[in-house]
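In what follows, a single structure is set out as structure tokens and then discussed.
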Amino acid sequence: MALLAMASARYASRRRRNIVAMALSLTATGLGLGWLVLILSALLWQGFSGLSLSVFTEMTPPPGSDGGLLNPLFGSLVLTVLAVVIGTPIGILAGTYMAEYGRYDRLSSVVRFINDILLSAPSIVVGLFIYEVMVVPMGHFSAYAGGVALAVIVMPVVVRTTEDMLVLVPNQLREAAAALGMPRAYIIARVCYRAAKAGMITGVLLAIARISGETAPLLFTSGDNQFWSTNLNNFMASLPAVIFHFALSPYKEWQQLAWTGALIITFAVLALSIGARALTARKDS
Amino acid sequence: MEPARRQPVVDVALQADAAAVDAQASRARALDSLRFWDNVYRWLTRGAAIGVLVVLGGVIVSLIIGSIPALREFGFSFLTEQRWNPVTEKFGALAPIYGTLVTSFIAMLIAVPVGLMIAMFLTELCPKWLRRPIGIAIELLAGIPSIIYGIWGLFVFAPFLQETLQPALITIFGNVPILSALFEGPPYGIGMLTAGLVLAIMVLPFITSISRDVFEAVPPVLKEAAYGIGCTTWEVVRYVVLPYARVGVIGGVMLGLGRALGETMAVTFVVGNAHRISSSIIAPGTTISATIANEFTEATSDLYKSSLIALGLILFVITFVVLAAARYMLLRIERRIG
């Protein structure tokens with residue numbers, strides 16, 4: 001009898017403990033999702049009130065007056081295009097080498113390791129690097145430097161996804177192509193790239209999502225510019241840099257523009273990552 | 001259809017002969033060009049792969065070269081001195097290093113248990129149809145740029161903490177002997193605690209998604225066996241899943257730590273940018289990345305700039321070690337999974 005009572009007491013305590021743990025895990029999940037909702041709703045609340053057509057048609061204003069975000073929007077676009085144009089080809093080529101030519105060789109495993117580190121290396125260090133190698137020799141900030149800094153961030157993302165996607169391409173496809181007499185480079189370009197296309201595009205989209213909010217590497221490479229500029233060899237405004245300056249300023253109008261800019265960036269990023277996901281999901285099914 | 005043209009027999013033979021010679025030559029030419037482009041492509045890709053290494057090498061070399069003036073001037077004391085005086089040009093990195101470590105520690109203290117709990121929820125408790133949406137939502141949290149966390153932290157989260165959590169902490173711990181030092185001073189809202197909390201939110205998705213992946217990699221047989229002998233869900237996670245997934249979880253945690261250490265914009269907004277070491281975690285402080293982001297464009301003298309680059313070098317070395325360890329551990333578990 002006593003034994004039974006002890007056993008049931010023990011059973012009850014185990015059950016209690018289990019219930020507590022489950023409740024905690026539920027709370028944790030609620031917390032995690034709650035933050036997402038909180039942040040997005042704060043963004044919508046603060047950013048939406050400032051959203052109007054003039055945001056997309058006017059330049060950044062001097063302190064104390066109204067204006068828009070046209071020049072930083074344009075600047076961000078230019079910098080992103082530069083980064084993708086520079087970073088993507090290198091990333092795809094390096095990923096190709098690691099998946100196709102040297103899947104098991106020493107160089108690939110070293111590059112894989114280093115690339116994974118670059119993938120999460122602090123972006124401000126990338127800014128310092130580009131400052132040292134481009135801004136100092138050129139003598140001034142420029143959109144080129146900003147684009148290259150972002151390209152350094154794009155590259156590892158693209159390397160990683162390209163390699164992962166090419167590894168997934170079934171070997172039979174390569175063998176069939178080789179049996180028809182296709183040389184290696186043609187197999188890669190005509191067969192493997194086509195089979196892995198969706199995944200590789202996803203990688204580029206994710207990379208764009210990643211850099212569209214990057215601020216740290218731009219602060220001292222492309223700088224900031226209050227005025228409209230299409231000269232790539234000059235300072236160039238970018239959305240993140242403008243948000244940084246405006247949010248920390250004491251002027252209400254500037255802070256409002258910072259919120260609006262933040263809203264635009266966030267939704268661009270979310271749209272990109274959801275789009276990227278949809279692209280791979282379609283392939284899965 | 002055009003009727004087939006009749007041709008004299010001789011002509012056909014001659015033509016075939018000529019065509020064969022022609023075909024052989026053009027075949028050789030084609031093969032040569034294929035071989036040539038094949039080689040070109042091979043070396044192009046190899047060059048790009050080496051380019052990745054060159055970039056990393058370039059980062060390290062340029063940081064070392066850039067920080068030489070500061071390191072020569074201050075030597076080892078750069079790491080042990082707290083002073084940071086742009087006017088007299090005396091710089092020491094202790095306060096930013098301290099701030100970086102403290103904020104990251106706070107972040108991990110919160111994000112690791114919460115992240116593991118969410119991973120447990122997703123793998124053991126959650127109904128199947130809910131797993132994907134929740135997983136995606138958590139990953140979207142990872143995609144939000146850090147500057148968004150910064151502006152949200154500054155305008156929404158910090159005032160909120162200033163009015164609620166910080167006064168509460170001060171009154172609760174104000175009279176407790178040792179802990180009171182941790183919560184000393186007025187509630188500014190911004191400060192190391194706020195930075196740590198924002199960082200916790202930022203690294204949470206990384207820890208969650210990697211833990212979920214390694215939890216899912218635990219062979220179902222093991223879990224089923226544990227359930228079969230009557231273990232509760234918690235016991236299965238605690239005594240079967242966690243021990244099995246340990247290495248992967250540690251890898252994921254260190255990956256998150258690497259992020260937290262190097263995070264710049266979110267921290268710059270809320271940390272307070274004060275170059276001092278204070279025992280109180282609600283006091284304003286600074287981190288390595290926040291110092292660089294705030295002061296680099298204002299640094300006029302070469303020594304000042306070089307000191308900031310030296311800070312960057314320290315940050316890079318710390319994160320490199322942490323990330324390398326993380327990758328090594330994740331690689332180990334990947335091999336085990338096969």
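Ligands are numbered from 1 in the order shown, residues from 1 within each chain, and chains are lettered A, B, ... in the order they appear in the structure tokens.
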Within 6 Å of chain B, which residues of chain A show up? Give each one with its shortest atom-to-atom distance in Å (one decimal) and the two atoms involved, counting only C-alpha atoms, rows by chain then rising residue number, as a tab-separated table.
residue	atom	partner	partner_atom	distance
A:Asn18	CA	B:Trp234	CA	5.2
A:Ser25	CA	B:Met117	CA	4.5
A:Ala28	CA	B:Val114	CA	5.4
A:Thr29	CA	B:Ile118	CA	5.0
A:Ile90	CA	B:Ala48	CA	5.4
A:Leu93	CA	B:Thr45	CA	4.5
A:Ala94	CA	B:Ala49	CA	4.1
A:Tyr97	CA	B:Thr45	CA	5.0
A:Pro122	CA	B:Gly262	CA	4.5
A:Val125	CA	B:Gly312	CA	5.9
A:Phe129	CA	B:Val59	CA	5.4
A:Ala185	CA	B:Asp38	CA	4.9
A:Gly213	CA	B:Pro145	CA	4.9
Would you save the residues of that selection, restricted to N, CA and C atoms, as a PDB file, in the first residue's frame?
ATOM      1  N   ASN A  18       6.177  17.578 -16.080  1.00  0.00           N
ATOM      2  CA  ASN A  18       5.945  17.569 -17.522  1.00  0.00           C
ATOM      3  C   ASN A  18       5.020  18.717 -17.928  1.00  0.00           C
ATOM      4  N   SER A  25       7.233  25.741 -22.638  1.00  0.00           N
ATOM      5  CA  SER A  25       7.581  25.734 -24.062  1.00  0.00           C
ATOM      6  C   SER A  25       6.510  26.469 -24.868  1.00  0.00           C
ATOM      7  N   ALA A  28       7.179  30.107 -24.330  1.00  0.00           N
ATOM      8  CA  ALA A  28       8.338  30.544 -25.101  1.00  0.00           C
ATOM      9  C   ALA A  28       7.952  30.788 -26.555  1.00  0.00           C
ATOM     10  N   THR A  29       7.159  29.866 -27.113  1.00  0.00           N
ATOM     11  CA  THR A  29       6.740  30.036 -28.500  1.00  0.00           C
ATOM     12  C   THR A  29       5.873  31.281 -28.649  1.00  0.00           C
ATOM     13  N   ILE A  90      30.811  35.834 -58.767  1.00  0.00           N
ATOM     14  CA  ILE A  90      31.897  35.209 -58.001  1.00  0.00           C
ATOM     15  C   ILE A  90      31.334  34.102 -57.121  1.00  0.00           C
ATOM     16  N   LEU A  93      30.313  31.061 -59.243  1.00  0.00           N
ATOM     17  CA  LEU A  93      31.490  30.329 -59.733  1.00  0.00           C
ATOM     18  C   LEU A  93      32.142  29.540 -58.609  1.00  0.00           C
ATOM     19  N   ALA A  94      32.319  30.187 -57.445  1.00  0.00           N
ATOM     20  CA  ALA A  94      32.970  29.489 -56.336  1.00  0.00           C
ATOM     21  C   ALA A  94      32.118  28.309 -55.883  1.00  0.00           C
ATOM     22  N   TYR A  97      32.543  25.475 -58.286  1.00  0.00           N
ATOM     23  CA  TYR A  97      33.783  24.711 -58.096  1.00  0.00           C
ATOM     24  C   TYR A  97      33.618  23.698 -56.972  1.00  0.00           C
ATOM     25  N   PRO A 122      30.901  39.713 -38.513  1.00  0.00           N
ATOM     26  CA  PRO A 122      30.297  41.019 -38.250  1.00  0.00           C
ATOM     27  C   PRO A 122      30.416  41.932 -39.467  1.00  0.00           C
ATOM     28  N   VAL A 125      32.925  44.891 -39.684  1.00  0.00           N
ATOM     29  CA  VAL A 125      34.313  44.598 -40.006  1.00  0.00           C
ATOM     30  C   VAL A 125      34.513  44.647 -41.523  1.00  0.00           C
ATOM     31  N   PHE A 129      37.154  46.891 -43.643  1.00  0.00           N
ATOM     32  CA  PHE A 129      38.009  46.299 -44.671  1.00  0.00           C
ATOM     33  C   PHE A 129      37.923  47.113 -45.961  1.00  0.00           C
ATOM     34  N   ALA A 185      32.126  21.527 -68.569  1.00  0.00           N
ATOM     35  CA  ALA A 185      31.608  22.893 -68.431  1.00  0.00           C
ATOM     36  C   ALA A 185      30.202  22.991 -68.995  1.00  0.00           C
ATOM     37  N   GLY A 213      18.964  45.648 -45.770  1.00  0.00           N
ATOM     38  CA  GLY A 213      18.889  46.325 -44.480  1.00  0.00           C
ATOM     39  C   GLY A 213      20.236  46.589 -43.859  1.00  0.00           C
TER      40      GLY A 213
END
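Summary of the local environment: counting only C-alpha atoms, residues at most 10 Å from Thr215 in chain A, other than itself and those fewer than 4 positions away along its chain, are Ser123, Ile124, Gly127, Leu150, Ile211, Leu219, Phe220, Ser238, Leu239, Pro240, Ala241, Val242, Ile243 and Phe244 of chain A; Pro145, Ser146, Ile147, Thr264, Met265 and Ala293 of chain B.
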Just asking: which residues within range 146-280 of chain A are helix (DSSP H, G or I) according to DSSP, as a ChimeraX atom specification? /A:146-168,171-179,184-195,197-212,216-219,239-247,252-280
Residues within 10 Å of range 69-81 of chain B, only C-alpha atoms, excluding chain neighbours under 4 positions, as a PyMOL selection string: chain B and resi 64-65+90-95+97+302-311+314
For the selection you just gave me, I'd like the residues written to a file as a short mmCIF file (atom, residue, chain, number, x, y, z; two decimals), in the first residue's frame, keeping all heavy atoms.
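Saved the output as part_3.cif:
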data_model
loop_
_atom_site.label_atom_id
_atom_site.label_comp_id
_atom_site.auth_asym_id
_atom_site.auth_seq_id
_atom_site.Cartn_x
_atom_site.Cartn_y
_atom_site.Cartn_z
N ILE B 64 44.92 44.20 -39.68
CA ILE B 64 46.19 44.21 -38.95
C ILE B 64 47.01 45.44 -39.35
O ILE B 64 47.52 46.17 -38.49
CB ILE B 64 46.99 42.91 -39.23
CG1 ILE B 64 46.29 41.73 -38.54
CG2 ILE B 64 48.42 43.02 -38.72
CD1 ILE B 64 46.92 40.39 -38.82
N ILE B 65 47.11 45.68 -40.67
CA ILE B 65 47.88 46.84 -41.12
C ILE B 65 47.30 48.13 -40.55
O ILE B 65 48.00 49.01 -40.07
CB ILE B 65 47.92 46.90 -42.67
CG1 ILE B 65 48.76 45.74 -43.19
CG2 ILE B 65 48.48 48.23 -43.16
CD1 ILE B 65 48.78 45.63 -44.70
N LYS B 90 44.44 59.11 -25.90
CA LYS B 90 44.81 57.91 -25.13
C LYS B 90 43.64 56.93 -25.27
O LYS B 90 42.51 57.25 -24.90
CB LYS B 90 44.99 58.26 -23.65
CG LYS B 90 46.14 59.20 -23.40
CD LYS B 90 47.44 58.41 -23.22
CE LYS B 90 48.61 59.31 -22.97
NZ LYS B 90 49.53 59.39 -24.12
N PHE B 91 43.93 55.77 -25.84
CA PHE B 91 42.84 54.84 -26.10
C PHE B 91 43.10 53.49 -25.46
O PHE B 91 44.22 53.00 -25.46
CB PHE B 91 42.65 54.65 -27.61
CG PHE B 91 42.31 55.92 -28.32
CD1 PHE B 91 43.24 56.56 -29.10
CD2 PHE B 91 41.06 56.47 -28.17
CE1 PHE B 91 42.93 57.74 -29.76
CE2 PHE B 91 40.73 57.65 -28.83
CZ PHE B 91 41.67 58.29 -29.62
N GLY B 92 42.03 52.91 -24.91
CA GLY B 92 42.10 51.56 -24.38
C GLY B 92 40.79 50.86 -24.69
O GLY B 92 39.74 51.49 -24.71
N ALA B 93 40.86 49.56 -24.93
CA ALA B 93 39.69 48.87 -25.47
C ALA B 93 38.88 48.14 -24.40
O ALA B 93 37.92 47.45 -24.73
CB ALA B 93 40.13 47.87 -26.54
N LEU B 94 39.24 48.29 -23.15
CA LEU B 94 38.62 47.44 -22.14
C LEU B 94 37.11 47.67 -22.03
O LEU B 94 36.34 46.70 -21.93
CB LEU B 94 39.28 47.66 -20.77
CG LEU B 94 39.01 46.53 -19.78
CD1 LEU B 94 39.49 45.21 -20.32
CD2 LEU B 94 39.67 46.82 -18.44
N ALA B 95 36.67 48.94 -22.02
CA ALA B 95 35.24 49.22 -21.85
C ALA B 95 34.39 48.62 -22.98
O ALA B 95 33.40 47.94 -22.71
CB ALA B 95 34.99 50.71 -21.71
N ILE B 97 35.17 46.09 -24.95
CA ILE B 97 35.24 44.62 -24.87
C ILE B 97 34.30 44.14 -23.77
O ILE B 97 33.51 43.21 -23.96
CB ILE B 97 36.69 44.15 -24.59
CG1 ILE B 97 37.58 44.47 -25.77
CG2 ILE B 97 36.72 42.66 -24.30
CD1 ILE B 97 39.04 44.12 -25.55
N ASP B 302 44.91 60.10 -37.21
CA ASP B 302 45.24 58.76 -37.65
C ASP B 302 45.24 57.77 -36.50
O ASP B 302 44.83 56.63 -36.65
CB ASP B 302 46.62 58.76 -38.33
CG ASP B 302 46.53 59.37 -39.71
OD1 ASP B 302 45.40 59.46 -40.22
OD2 ASP B 302 47.57 59.78 -40.26
N LEU B 303 45.71 58.23 -35.34
CA LEU B 303 45.80 57.34 -34.19
C LEU B 303 44.40 56.91 -33.73
O LEU B 303 44.16 55.75 -33.38
CB LEU B 303 46.55 58.03 -33.05
CG LEU B 303 46.95 57.11 -31.90
CD1 LEU B 303 47.85 55.99 -32.39
CD2 LEU B 303 47.65 57.90 -30.80
N TYR B 304 43.47 57.87 -33.75
CA TYR B 304 42.08 57.60 -33.38
C TYR B 304 41.50 56.54 -34.30
O TYR B 304 40.95 55.52 -33.87
CB TYR B 304 41.29 58.90 -33.48
CG TYR B 304 39.92 58.91 -32.81
CD1 TYR B 304 39.14 60.06 -32.84
CD2 TYR B 304 39.42 57.80 -32.16
CE1 TYR B 304 37.89 60.11 -32.23
CE2 TYR B 304 38.18 57.81 -31.56
CZ TYR B 304 37.41 58.97 -31.61
OH TYR B 304 36.18 59.00 -31.02
N LYS B 305 41.67 56.77 -35.62
CA LYS B 305 41.15 55.81 -36.61
C LYS B 305 41.77 54.45 -36.42
O LYS B 305 41.08 53.43 -36.44
CB LYS B 305 41.48 56.32 -38.03
CG LYS B 305 40.40 57.20 -38.59
CD LYS B 305 40.25 57.00 -40.09
CE LYS B 305 38.89 57.47 -40.53
NZ LYS B 305 38.81 58.91 -40.78
N SER B 306 43.09 54.45 -36.23
CA SER B 306 43.79 53.19 -36.09
C SER B 306 43.32 52.45 -34.84
O SER B 306 43.21 51.21 -34.85
CB SER B 306 45.29 53.47 -36.03
OG SER B 306 45.97 52.35 -35.58
N SER B 307 43.02 53.20 -33.76
CA SER B 307 42.52 52.54 -32.55
C SER B 307 41.17 51.88 -32.82
O SER B 307 40.90 50.77 -32.33
CB SER B 307 42.35 53.55 -31.42
OG SER B 307 43.57 54.17 -31.15
N LEU B 308 40.32 52.56 -33.61
CA LEU B 308 39.02 51.98 -33.93
C LEU B 308 39.19 50.74 -34.80
O LEU B 308 38.47 49.74 -34.63
CB LEU B 308 38.15 53.02 -34.64
CG LEU B 308 37.63 54.13 -33.73
CD1 LEU B 308 37.03 55.26 -34.55
CD2 LEU B 308 36.60 53.59 -32.75
N ILE B 309 40.15 50.79 -35.73
CA ILE B 309 40.39 49.60 -36.56
C ILE B 309 40.93 48.47 -35.70
O ILE B 309 40.56 47.30 -35.89
CB ILE B 309 41.36 49.93 -37.71
CG1 ILE B 309 40.67 50.91 -38.67
CG2 ILE B 309 41.78 48.68 -38.46
CD1 ILE B 309 41.55 51.44 -39.77
N ALA B 310 41.76 48.81 -34.70
CA ALA B 310 42.26 47.79 -33.79
C ALA B 310 41.10 47.14 -33.03
O ALA B 310 41.09 45.93 -32.80
CB ALA B 310 43.26 48.39 -32.81
N LEU B 311 40.11 47.96 -32.66
CA LEU B 311 38.90 47.41 -32.03
C LEU B 311 38.24 46.41 -32.98
O LEU B 311 37.81 45.33 -32.56
CB LEU B 311 37.90 48.52 -31.72
CG LEU B 311 38.03 49.28 -30.40
CD1 LEU B 311 36.92 50.31 -30.30
CD2 LEU B 311 37.96 48.33 -29.23
N ILE B 314 40.05 43.17 -32.94
CA ILE B 314 39.73 42.38 -31.75
C ILE B 314 38.38 41.69 -31.94
O ILE B 314 38.24 40.49 -31.70
CB ILE B 314 39.69 43.27 -30.49
CG1 ILE B 314 41.07 43.84 -30.21
CG2 ILE B 314 39.17 42.50 -29.29
CD1 ILE B 314 41.09 44.91 -29.15
#
Quick one: distance from CA of Ser108 in chain A to CA of Thr96 in chain A in Å, one decimal? 10.3 Å
